[in-house]
$ cat work.csv   # CSV, C-alpha atoms
chain,number,residue,atom,x,y,z
A,83,MET,CA,-31.5,8.4,-6.7
A,84,ASN,CA,-32.3,10.0,-10.0
A,85,LYS,CA,-30.1,8.9,-12.9
A,86,GLU,CA,-29.7,11.5,-15.6
A,87,GLU,CA,-29.1,10.4,-19.1
A,88,GLN,CA,-25.7,12.2,-19.4
A,89,SER,CA,-24.4,10.6,-16.2
A,90,ILE,CA,-22.7,7.3,-15.6
A,91,PHE,CA,-22.7,5.1,-12.5
A,92,LEU,CA,-19.7,3.1,-11.4
A,93,SER,CA,-19.9,0.4,-8.7
A,94,ALA,CA,-17.2,-0.1,-6.1
A,95,LYS,CA,-15.1,-3.2,-6.2
A,96,THR,CA,-16.4,-4.4,-2.8
A,97,GLY,CA,-19.0,-6.7,-4.4
A,98,ALA,CA,-16.5,-8.6,-6.4
A,99,THR,CA,-14.2,-8.8,-3.3
A,100,MET,CA,-16.9,-10.4,-1.2
A,101,LEU,CA,-17.7,-13.0,-3.9
A,102,VAL,CA,-14.1,-14.0,-4.3
A,103,ALA,CA,-13.6,-14.2,-0.5
A,104,ILE,CA,-16.6,-16.5,-0.1
A,105,ILE,CA,-15.6,-18.7,-3.0
A,106,CYS,CA,-12.0,-19.1,-1.8
A,107,ALA,CA,-13.2,-19.8,1.8
A,108,CYS,CA,-15.7,-22.5,0.6
A,109,PHE,CA,-13.2,-24.1,-1.8
A,110,TRP,CA,-10.3,-24.2,0.7
A,111,ASN,CA,-12.3,-25.6,3.6
A,112,LEU,CA,-14.0,-28.1,1.3
A,113,VAL,CA,-10.6,-29.5,0.3
A,114,SER,CA,-9.1,-29.4,3.7
A,115,LEU,CA,-12.1,-30.7,5.6
A,116,PRO,CA,-11.1,-34.4,5.3
A,117,LEU,CA,-7.9,-33.6,7.2
A,118,PHE,CA,-10.0,-33.3,10.4
A,119,PHE,CA,-10.9,-37.0,10.1
A,120,ILE,CA,-7.5,-38.3,8.7
A,121,LEU,CA,-5.0,-36.5,10.9
A,122,PRO,CA,-6.1,-37.8,14.4
A,123,ASP,CA,-5.6,-41.4,13.3
A,124,GLU,CA,-2.2,-40.6,11.7
A,125,ILE,CA,-1.0,-38.9,14.9
A,126,ALA,CA,-2.4,-41.6,17.1
A,127,SER,CA,-0.5,-44.2,15.1
A,128,GLY,CA,2.8,-42.5,15.9
A,129,ASN,CA,3.2,-40.1,12.9
A,130,LYS,CA,3.6,-36.9,14.9
A,131,LEU,CA,4.8,-35.1,11.7
A,132,ALA,CA,1.2,-35.3,10.4
A,133,ALA,CA,0.2,-32.6,12.9
A,134,ILE,CA,1.7,-30.1,10.4
A,135,GLY,CA,-1.4,-30.8,8.3
A,136,TYR,CA,-3.5,-28.8,10.7
A,137,ILE,CA,-2.0,-25.7,9.1
A,138,PHE,CA,-4.4,-26.0,6.2
A,139,PRO,CA,-7.6,-26.0,8.3
A,140,ALA,CA,-6.1,-23.0,10.2
A,141,ILE,CA,-5.7,-21.1,7.0
A,142,GLY,CA,-9.3,-22.1,6.1
A,143,LEU,CA,-10.5,-20.5,9.4
A,144,LEU,CA,-8.7,-17.3,8.4
A,145,LEU,CA,-10.4,-17.3,5.0
A,146,ILE,CA,-13.7,-17.8,6.7
A,147,ALA,CA,-13.0,-14.8,8.9
A,148,LEU,CA,-12.1,-12.7,5.9
A,149,ALA,CA,-15.3,-13.8,4.1
A,150,VAL,CA,-17.4,-12.9,7.2
A,151,TYR,CA,-15.8,-9.5,7.3
A,152,THR,CA,-16.6,-8.8,3.7
A,153,VAL,CA,-20.2,-9.9,4.3
A,154,PHE,CA,-20.6,-7.6,7.2
A,155,PHE,CA,-19.1,-4.7,5.2
A,156,ARG,CA,-21.6,-5.4,2.5
A,157,ARG,CA,-24.5,-5.5,4.9
A,158,LYS,CA,-23.4,-2.2,6.5
A,159,TYR,CA,-22.6,-0.2,3.4
A,160,GLY,CA,-24.1,-2.1,0.4
A,161,ILE,CA,-22.2,-1.6,-2.8
A,162,PRO,CA,-21.2,2.1,-3.0
A,163,GLN,CA,-21.8,3.8,-6.3
A,164,LEU,CA,-20.1,6.8,-8.0
A,165,CYS,CA,-22.2,9.0,-10.2
A,166,ILE,CA,-20.2,11.1,-12.7
A,167,SER,CA,-21.9,14.0,-14.4
A,168,GLN,CA,-20.5,13.1,-17.8
A,169,GLN,CA,-20.3,9.9,-19.9
A,170,THR,CA,-16.5,9.9,-19.6
A,171,LEU,CA,-13.7,11.5,-17.6
A,172,ALA,CA,-11.5,13.7,-19.8
A,173,LEU,CA,-7.8,14.4,-19.3
A,174,GLY,CA,-7.3,18.1,-18.4
A,175,SER,CA,-10.8,18.5,-16.9
A,176,MET,CA,-12.7,19.1,-13.7
A,177,GLN,CA,-15.9,17.2,-13.3
A,178,HIS,CA,-18.4,16.8,-10.5
A,179,ALA,CA,-19.2,13.4,-9.1
A,180,THR,CA,-21.3,12.1,-6.2
A,181,ALA,CA,-20.7,8.9,-4.2
A,182,TYR,CA,-23.9,7.1,-3.0
A,183,ILE,CA,-23.7,4.9,0.1
A,184,ARG,CA,-26.7,2.9,1.1
A,185,ALA,CA,-26.3,3.7,4.8
A,186,ARG,CA,-26.2,6.7,7.0
A,187,ILE,CA,-22.6,6.9,8.0
A,188,HIS,CA,-21.1,9.4,10.5
A,189,PRO,CA,-17.3,9.4,10.0
A,190,GLU,CA,-15.2,10.2,13.0
A,191,GLU,CA,-12.9,12.2,10.7
A,192,PRO,CA,-13.2,14.0,7.3
A,193,ILE,CA,-13.6,11.5,4.4
A,194,ARG,CA,-10.3,11.0,2.6
A,195,CYS,CA,-10.4,11.1,-1.2
A,196,LEU,CA,-7.4,9.6,-3.1
A,197,LEU,CA,-7.3,9.9,-6.9
A,198,LYS,CA,-4.5,7.8,-8.4
A,199,CYS,CA,-3.0,6.7,-11.7
A,200,THR,CA,-1.0,3.5,-11.7
A,201,LYS,CA,0.8,1.3,-14.2
A,202,THR,CA,1.3,-2.4,-13.8
A,203,THR,CA,4.4,-4.0,-15.3
A,204,THR,CA,4.9,-7.8,-15.5
A,205,THR,CA,8.2,-9.3,-16.3
A,206,GLY,CA,9.3,-12.9,-16.7
A,207,SER,CA,7.0,-16.0,-16.7
A,208,GLY,CA,6.3,-19.0,-14.6
A,209,LYS,CA,8.2,-19.0,-11.3
A,210,GLN,CA,10.2,-16.0,-12.5
A,211,LYS,CA,7.1,-13.9,-13.1
A,212,ASN,CA,7.3,-10.5,-11.3
A,213,THR,CA,4.5,-7.9,-11.1
A,214,ILE,CA,5.2,-4.3,-10.1
A,215,VAL,CA,2.6,-1.6,-9.6
A,216,ARG,CA,4.0,2.0,-9.9
A,217,THR,CA,2.1,5.2,-9.1
A,218,LEU,CA,2.4,7.7,-11.9
A,219,TRP,CA,0.4,10.4,-10.2
A,220,SER,CA,-1.8,10.8,-7.2
A,221,ALA,CA,-3.7,13.5,-5.4
A,222,ALA,CA,-5.3,13.3,-1.9
A,223,THR,CA,-7.8,15.6,-0.3
A,224,THR,CA,-10.5,15.4,2.4
A,225,ILE,CA,-14.2,16.0,2.3
A,226,SER,CA,-15.8,17.8,5.2
A,227,HIS,CA,-18.8,16.5,7.0
A,228,ASP,CA,-20.6,19.7,6.3
A,229,THR,CA,-20.8,18.9,2.5
A,230,THR,CA,-22.2,15.4,3.1
A,231,SER,CA,-25.9,15.1,2.7
A,232,TYR,CA,-28.4,12.4,3.8
A,233,GLN,CA,-31.6,11.1,2.2
A,234,GLU,CA,-33.5,8.5,4.1
A,235,HIS,CA,-31.0,5.6,4.5
A,236,GLU,CA,-28.4,7.0,2.1
A,237,THR,CA,-25.3,9.1,2.4
A,238,HIS,CA,-24.4,11.4,-0.5
A,239,ILE,CA,-20.8,12.6,-0.8
A,240,PRO,CA,-20.0,15.3,-3.3
A,241,ILE,CA,-16.6,15.0,-5.0
A,242,GLU,CA,-14.8,17.3,-7.4
A,243,LEU,CA,-12.6,15.2,-9.8
A,244,ALA,CA,-9.6,17.0,-11.4
A,245,ILE,CA,-7.8,14.9,-14.0
A,246,PRO,CA,-4.4,16.3,-15.1
A,247,PHE,CA,-3.7,16.7,-18.9
A,248,ASP,CA,-0.1,15.5,-18.6
A,249,MET,CA,-1.0,12.0,-17.5
A,250,PRO,CA,-1.9,9.0,-19.8
A,251,ALA,CA,-5.5,7.8,-20.4
A,252,THR,CA,-6.8,4.3,-19.6
A,253,CYS,CA,-7.0,3.5,-23.3
A,254,ASP,CA,-3.3,4.2,-23.8
A,255,SER,CA,-2.3,0.9,-22.2
A,256,ASP,CA,-4.0,-2.3,-20.9
A,257,ASN,CA,-1.8,-2.0,-17.8
A,258,LEU,CA,-2.9,1.5,-16.9
A,259,GLU,CA,-5.5,2.2,-14.2
A,260,TRP,CA,-7.2,5.2,-12.8
A,261,THR,CA,-8.8,4.7,-9.4
A,262,LEU,CA,-10.6,6.8,-6.8
A,263,GLU,CA,-10.5,5.6,-3.2
A,264,LEU,CA,-12.8,6.9,-0.5
A,265,SER,CA,-12.1,6.0,3.2
A,266,ALA,CA,-13.1,7.2,6.6
A,267,PRO,CA,-13.0,5.7,10.2
A,268,THR,CA,-16.4,4.9,11.5
A,269,THR,CA,-17.9,3.1,14.5
A,270,GLY,CA,-17.4,-0.6,13.9
A,271,ILE,CA,-16.2,-1.5,10.4
A,272,ASP,CA,-14.5,1.5,8.7
A,273,PHE,CA,-15.7,2.7,5.4
A,274,LYS,CA,-13.7,2.2,2.3
A,275,ALA,CA,-14.6,2.1,-1.4
A,276,LEU,CA,-12.5,1.8,-4.5
A,277,PHE,CA,-13.7,2.8,-8.0
A,278,GLU,CA,-12.1,2.2,-11.3
A,279,LEU,CA,-12.4,5.3,-13.5
A,280,PRO,CA,-12.6,5.5,-17.3
A,281,VAL,CA,-10.3,8.4,-18.3
A,282,THR,CA,-9.9,9.4,-21.9
A,283,LYS,CA,-8.5,12.2,-24.0
A,284,THR,CA,-11.2,14.3,-25.7
A,285,GLU,CA,-11.6,17.5,-27.6
A,286,THR,CA,-12.5,19.3,-24.4
A,287,SER,CA,-9.2,18.3,-22.7
A,288,ASN,CA,-7.5,21.4,-21.4
A,289,PRO,CA,-3.7,21.4,-21.4
A,290,GLN,CA,-3.7,24.1,-18.8
A,291,ILE,CA,-5.1,21.7,-16.2
A,292,ASP,CA,-2.0,19.8,-15.4
A,293,SER,CA,-0.7,18.1,-12.3
A,294,SER,CA,0.9,21.2,-10.9
A,295,THR,CA,-2.2,23.3,-11.5
A,296,ILE,CA,-4.4,20.7,-9.7
A,297,ASN,CA,-2.1,20.8,-6.6
A,298,THR,CA,-2.2,24.6,-6.4
A,299,ALA,CA,-5.4,25.9,-7.8
A,300,ILE,CA,-7.8,23.0,-7.4
A,301,LEU,CA,-6.7,21.2,-4.2
A,302,GLY,CA,-5.7,24.5,-2.6
A,303,GLN,CA,-2.2,23.1,-2.0
A,304,SER,CA,1.2,24.2,-3.0
A,305,ASN,CA,3.4,21.6,-4.5
A,306,ASP,CA,5.2,21.1,-1.2
A,307,GLU,CA,1.9,20.7,0.6
A,308,ALA,CA,0.8,18.1,-1.8
A,309,ILE,CA,4.1,16.2,-1.3
A,310,GLN,CA,3.7,16.6,2.5
A,311,SER,CA,0.3,14.9,2.2
A,312,LEU,CA,1.9,11.9,0.6
A,313,PHE,CA,4.6,11.8,3.3
A,314,LYS,CA,1.8,11.8,5.9
A,315,ASP,CA,0.1,8.9,4.2
A,316,GLU,CA,3.3,6.9,4.4
A,317,LYS,CA,3.8,7.9,8.1
A,318,ILE,CA,7.1,9.6,7.2
A,319,GLU,CA,8.1,12.8,9.0
A,320,ARG,CA,9.8,15.4,6.8
A,321,VAL,CA,10.9,18.8,8.1
A,322,GLN,CA,12.7,21.5,6.1
A,323,HIS,CA,14.5,24.3,7.9
A,324,SER,CA,15.4,27.7,6.4
A,325,ASP,CA,19.1,27.0,6.7
A,326,ASN,CA,19.0,24.3,4.0
A,327,VAL,CA,18.6,21.5,6.6
A,328,THR,CA,16.2,18.7,5.9
A,329,ARG,CA,15.2,16.0,8.4
A,330,ILE,CA,13.5,12.8,7.3
A,331,HIS,CA,12.3,10.3,9.9
A,332,THR,CA,10.7,6.9,9.4
A,333,PRO,CA,9.3,5.8,12.7
A,334,PRO,CA,8.8,2.2,13.8
A,335,PHE,CA,5.5,0.2,13.4
A,336,ARG,CA,4.8,1.6,9.8
A,337,HIS,CA,4.2,-1.8,8.1
A,338,ILE,CA,2.5,-4.0,10.7
A,339,GLY,CA,0.7,-6.1,8.1
A,340,VAL,CA,4.0,-7.2,6.4
A,341,ALA,CA,5.6,-7.9,9.8
A,342,PHE,CA,2.6,-10.1,10.7
A,343,LEU,CA,2.8,-12.1,7.5
A,344,LEU,CA,6.6,-12.6,8.0
A,345,THR,CA,6.1,-13.7,11.6
A,346,LEU,CA,3.3,-16.2,10.6
A,347,THR,CA,5.6,-17.6,7.9
A,348,GLY,CA,8.5,-17.9,10.3
A,349,LEU,CA,6.4,-19.7,12.9
A,350,VAL,CA,5.1,-22.2,10.3
A,351,PHE,CA,8.7,-23.0,9.1
A,352,SER,CA,10.0,-23.2,12.7
A,353,GLY,CA,7.2,-25.4,13.8
A,354,ALA,CA,7.7,-27.7,10.8
A,355,GLY,CA,11.4,-27.9,11.6
A,356,GLY,CA,10.7,-28.7,15.3
A,357,ALA,CA,8.1,-31.3,14.4
A,358,ALA,CA,10.5,-32.9,12.0
A,359,PHE,CA,13.2,-33.1,14.6
A,360,TYR,CA,10.8,-34.4,17.3
A,361,THR,CA,9.3,-37.1,15.2
A,362,GLU,CA,11.9,-38.2,12.6
A,363,LYS,CA,15.1,-37.1,14.4
A,364,SER,CA,16.1,-35.5,11.1
A,365,TYR,CA,18.7,-33.0,12.0
A,366,PHE,CA,19.4,-31.8,8.4
A,367,PHE,CA,15.9,-30.9,7.4
A,368,SER,CA,14.8,-29.6,10.8
A,369,LEU,CA,17.8,-27.2,10.9
A,370,ILE,CA,17.0,-25.9,7.4
A,371,PHE,CA,13.3,-25.3,8.3
A,372,VAL,CA,14.1,-23.7,11.7
A,373,ALA,CA,16.8,-21.5,10.0
A,374,ILE,CA,14.3,-20.3,7.4
A,375,GLY,CA,11.7,-19.6,10.1
A,376,LEU,CA,14.2,-17.7,12.3
A,377,ILE,CA,15.2,-15.6,9.3
A,378,CYS,CA,11.6,-14.7,8.6
A,379,ILE,CA,10.9,-13.8,12.2
A,380,TYR,CA,14.1,-11.6,12.3
A,381,ALA,CA,13.0,-9.9,9.1
A,382,ALA,CA,9.5,-9.3,10.7
A,383,ILE,CA,11.0,-7.8,13.9
A,384,ASN,CA,13.5,-5.7,11.9
A,385,ASN,CA,10.7,-4.4,9.6
A,386,LEU,CA,8.5,-3.6,12.5
A,387,LEU,CA,11.0,-1.9,14.9
A,388,THR,CA,13.6,-0.3,12.7
A,389,THR,CA,13.6,3.5,12.6
A,390,ASP,CA,15.8,5.8,10.5
A,391,LEU,CA,16.6,9.4,10.9
A,392,VAL,CA,18.4,11.3,8.1
A,393,GLU,CA,19.6,14.9,8.4
A,394,SER,CA,20.8,16.6,5.3
A,395,THR,CA,22.9,19.8,5.3
A,396,PRO,CA,25.1,21.4,2.6
A,397,GLU,CA,28.2,19.9,4.3
A,398,LYS,CA,27.2,16.4,5.2
A,399,ILE,CA,24.5,13.7,5.6
A,400,THR,CA,23.9,12.2,9.0
A,401,HIS,CA,22.1,8.9,9.4
A,402,ARG,CA,20.9,7.5,12.6
A,403,SER,CA,19.2,4.1,12.8
A,404,GLY,CA,18.2,1.4,15.4
A,405,TRP,CA,15.3,-0.5,16.9
A,406,LEU,CA,12.7,1.9,18.3
A,407,ILE,CA,15.3,4.6,18.9
A,408,PRO,CA,17.8,5.8,16.2
A,409,TRP,CA,20.9,5.4,18.3
A,410,ARG,CA,23.5,4.2,15.7
A,411,LYS,CA,25.0,7.3,14.0
A,412,THR,CA,26.9,7.5,10.7
A,413,ILE,CA,28.2,10.7,9.1
A,414,PHE,CA,28.9,11.1,5.4
A,415,PRO,CA,30.7,14.3,4.3
A,416,ARG,CA,29.5,15.5,0.9
A,417,SER,CA,33.0,15.1,-0.5
A,418,GLU,CA,32.8,11.3,0.1
A,419,ILE,CA,29.3,10.8,-1.5
A,420,LYS,CA,29.2,9.5,-5.0
A,421,SER,CA,25.5,9.0,-5.4
A,422,ILE,CA,22.2,8.7,-3.6
A,423,HIS,CA,19.8,6.3,-5.4
A,424,LYS,CA,16.7,4.2,-5.1
A,425,LYS,CA,16.8,0.4,-4.8
A,426,ASP,CA,13.9,-2.1,-4.9
A,427,GLY,CA,13.6,-3.7,-1.6
A,428,MET,CA,11.1,-6.3,-0.3
A,429,GLN,CA,8.0,-6.9,-2.3
A,430,SER,CA,4.6,-7.7,-0.7
A,431,GLY,CA,2.0,-8.6,-3.2
A,432,GLN,CA,2.3,-6.0,-6.0
A,433,THR,CA,3.8,-3.4,-3.7
A,434,ILE,CA,7.5,-2.6,-3.7
A,435,HIS,CA,9.1,-1.4,-0.5
A,436,ASN,CA,11.8,0.9,-1.9
A,437,ARG,CA,15.1,1.8,-0.2
A,438,ILE,CA,17.1,5.0,-0.4
A,439,CYS,CA,20.8,4.1,-0.5
A,440,LEU,CA,24.0,6.2,-0.4
A,441,LYS,CA,27.1,5.1,-2.3
A,442,THR,CA,30.5,6.5,-1.5
A,443,HIS,CA,33.5,7.0,-3.8
A,444,ALA,CA,35.0,4.0,-2.0
A,445,HIS,CA,32.1,1.9,-3.5
A,446,LYS,CA,30.5,1.3,-0.2
A,447,GLU,CA,26.7,1.3,-0.1
A,448,HIS,CA,24.7,2.3,2.9
A,449,ILE,CA,20.9,2.1,3.4
A,450,LEU,CA,19.5,5.5,4.6
A,451,LEU,CA,15.7,4.8,4.5
A,452,ARG,CA,13.6,1.8,3.8
A,453,GLY,CA,10.0,0.8,3.3
A,454,ILE,CA,9.0,3.7,1.0
A,455,LEU,CA,6.0,3.0,-1.3
A,456,GLU,CA,5.1,6.1,-3.3
A,457,THR,CA,7.3,7.1,-6.3
A,458,LYS,CA,6.7,10.8,-5.6
A,459,VAL,CA,8.0,10.4,-2.1
A,460,VAL,CA,11.1,8.6,-3.3
A,461,GLN,CA,11.8,11.3,-5.9
A,462,THR,CA,11.3,14.1,-3.3
A,463,ILE,CA,13.7,12.4,-0.8
A,464,LEU,CA,16.3,12.1,-3.6
A,465,ASN,CA,15.9,15.8,-4.4
A,466,ASP,CA,16.2,16.7,-0.7
A,467,LEU,CA,19.3,14.6,0.0
A,468,MET,CA,21.2,15.0,-3.3
A,469,PRO,CA,23.5,18.0,-3.8
A,470,ASP,CA,23.8,19.6,-7.2
A,471,THR,CA,27.4,18.2,-7.6
A,472,ALA,CA,26.5,14.6,-7.1
A,473,ASP,CA,24.8,12.0,-9.3
A,474,LYS,CA,21.1,11.3,-8.6
A,475,LYS,CA,19.7,8.0,-9.8
A,476,GLN,CA,16.2,6.5,-9.5

$ encode --input "work.csv" --output "structure tokens"
Amino acid sequence: MNKEEQSIFLSAKTGATMLVAIICACFWNLVSLPLFFILPDEIASGNKLAAIGYIFPAIGLLLIALAVYTVFFRRKYGIPQLCISQQTLALGSMQHATAYIRARIHPEEPIRCLLKCTKTTTTGSGKQKNTIVRTLWSAATTISHDTTSYQEHETHIPIELAIPFDMPATCDSDNLEWTLELSAPTTGIDFKALFELPVTKTETSNPQIDSSTINTAILGQSNDEAIQSLFKDEKIERVQHSDNVTRIHTPPFRHIGVAFLLTLTGLVFSGAGGAAFYTEKSYFFSLIFVAIGLICIYAAINNLLTTDLVESTPEKITHRSGWLIPWRKTIFPRSEIKSIHKKDGMQSGQTIHNRICLKTHAHKEHILLRGILETKVVQTILNDLMPDTADKKQ
């Protein structure tokens, strides 16, 4: 691997992830290890409620599994590096880069390349602290196997980076971040690498290379094709017909990870409530814990199985929803619609699951679509559903 003087090398964040996973697993298990010796005696003495303490060693086992996964990923792929042909990435420019992977990988599908600009906003403090990450711009493309080269035990992936002029630079705000994500399904552990990019505005920045130019001329996509790529990433089906009819369908099983975490939380609360009732005969606290657990489990099932189908025509909007099959049907004539807008829904980590809501002149609000992550997808849906005579809010 020859490093030219004018090039810079960026390491993927996988190394830091592995270190954090190992430290967290070691610390958590070191703290919870004494419970293995304390809890059996407590339970034997009649304190059945002490069995809840086994939750902490169970979490420790999950952390160990995560740490083992990161170690195996590191052993398989090493720390991927990205070589950029210039010292900095300029807004309004096209630059060549090469990703170096210290393994010979043979992806089952073309390598997916996602360039993204995000802004993190934090409000409140303490328990009221809330962090939101919004995507300002993103562009996705694929890299064919034919362009990938191999040298001994390395894989070289050529990448053409196109940075739009009409987006902010990383130095404009401490909360702004440009990232490049490479991913591909492989045998065993799938490949994935995330790089943080230094993007600045320089004298060579070309205003003609903007976001629309990149979608059409550089990625070989029309604006609609670029949007459709984002819809595909979110597993949302969007079909436009020539007679001004648009169909948008969110199938079930889109957010399995969120449903799993909600189910796990629900089981923990329900188990704690059951244990409290069994050991202490405490009806009040057991009912509270069981109720919280059941609410979490219901939210998990609803998140996993709910499917929405929205059909927009010049005369009306038809919404069908249900579990697995969109059987429940509601029709909204255009004359009754006051606005169609976005609302923040459930938040998992730093990700907001947005909702698209319809409000009638009778001040009744109806959820049309839910679990939408990308800002561009939200805006496109609003443009599809909103007639020119109505208010559109985001």

$ closest_residue --input "work.csv" --among "A:Ala341, A:Ile454, A:Cys108, A:Val392" --to "Tyr380 (chain A)" --atoms "only C-alpha atoms"
A:Ala341

$ atom_distance --input "work.csv" --atom1 "CA of Leu376 (chain A)" --atom2 "CA of Asn111 (chain A)"
29.0 Å

$ residues_near_point --input "work.csv" --point "(-23.1, 3.5, -12.4)" --cutoff "10 Å" --atoms "only C-alpha atoms" --output "list in words"
Lys85, Ser89, Ile90, Phe91, Leu92, Ser93, Ala94, Pro162, Gln163, Leu164, Cys165 and Ile166 of chain A

$ closest_residue --input "work.csv" --among "A:Arg402, A:Arg184, A:Lys446, A:His235" --to "Phe155 (chain A)" --atoms "all atoms listed in the file"
A:Arg184

$ atom_distance --input "work.csv" --atom1 "CA of Ile399 (chain A)" --atom2 "CA of Ala382 (chain A)"
27.9 Å

$ closest_residue --input "work.csv" --among "A:Leu218, A:Ala179, A:Ile125, A:Ile225" --to "Ala357 (chain A)" --atoms "only C-alpha atoms"
A:Ile125

$ atom_distance --input "work.csv" --atom1 "CA of Gly142 (chain A)" --atom2 "CA of Gly339 (chain A)"
19.0 Å

$ closest_residue --input "work.csv" --among "A:Gly174, A:Pro267, A:Gly404, A:Gly353" --to "Lys283 (chain A)" --atoms "only C-alpha atoms"
A:Gly174

$ residues_around --input "work.csv" --residues "region 195-209 of chain A" --least-positions-apart "4" --cutoff "7 Å" --atoms "all atoms listed in the file" --output "MDAnalysis selection string"
chainID A and resid 213:224 257:265

$ closest_residue --input "work.csv" --among "A:Ile105, A:Met249, A:Ile407, A:Ala275" --to "Gly160 (chain A)" --atoms "only C-alpha atoms"
A:Ala275

$ residues_around --input "work.csv" --residues "Ser394 (chain A)" --least-positions-apart "5" --cutoff "10 Å" --atoms "only C-alpha atoms" --output "PyMOL selection string"
chain A and resi 322+326-330+399-401+414+416+466-469

$ residues_around --input "work.csv" --residues "Leu145 (chain A)" --least-positions-apart "3" --cutoff "9 Å" --atoms "all atoms listed in the file" --output "list in words"
Ala103, Ile104, Cys106, Ala107, Cys108, Trp110, Asn111, Ala140, Ile141, Gly142, Leu148, Ala149 and Val150 of chain A

$ residues_near_point --input "work.csv" --point "(-14.1, -0.6, 3.6)" --cutoff "9 Å" --atoms "all atoms listed in the file" --output "PyMOL selection string"
chain A and resi 96+152+155-156+159+264-266+271-276

$ closest_residue --input "work.csv" --among "A:Leu312, A:Ile422, A:Val460, A:Ile434" --to "Glu447 (chain A)" --atoms "all atoms listed in the file"
A:Ile422

$ residues_around --input "work.csv" --residues "Cys378 (chain A)" --least-positions-apart "6" --cutoff "10 Å" --atoms "only C-alpha atoms" --output "MDAnalysis selection string"
chainID A and resid 341 343:349 351:352 372 384
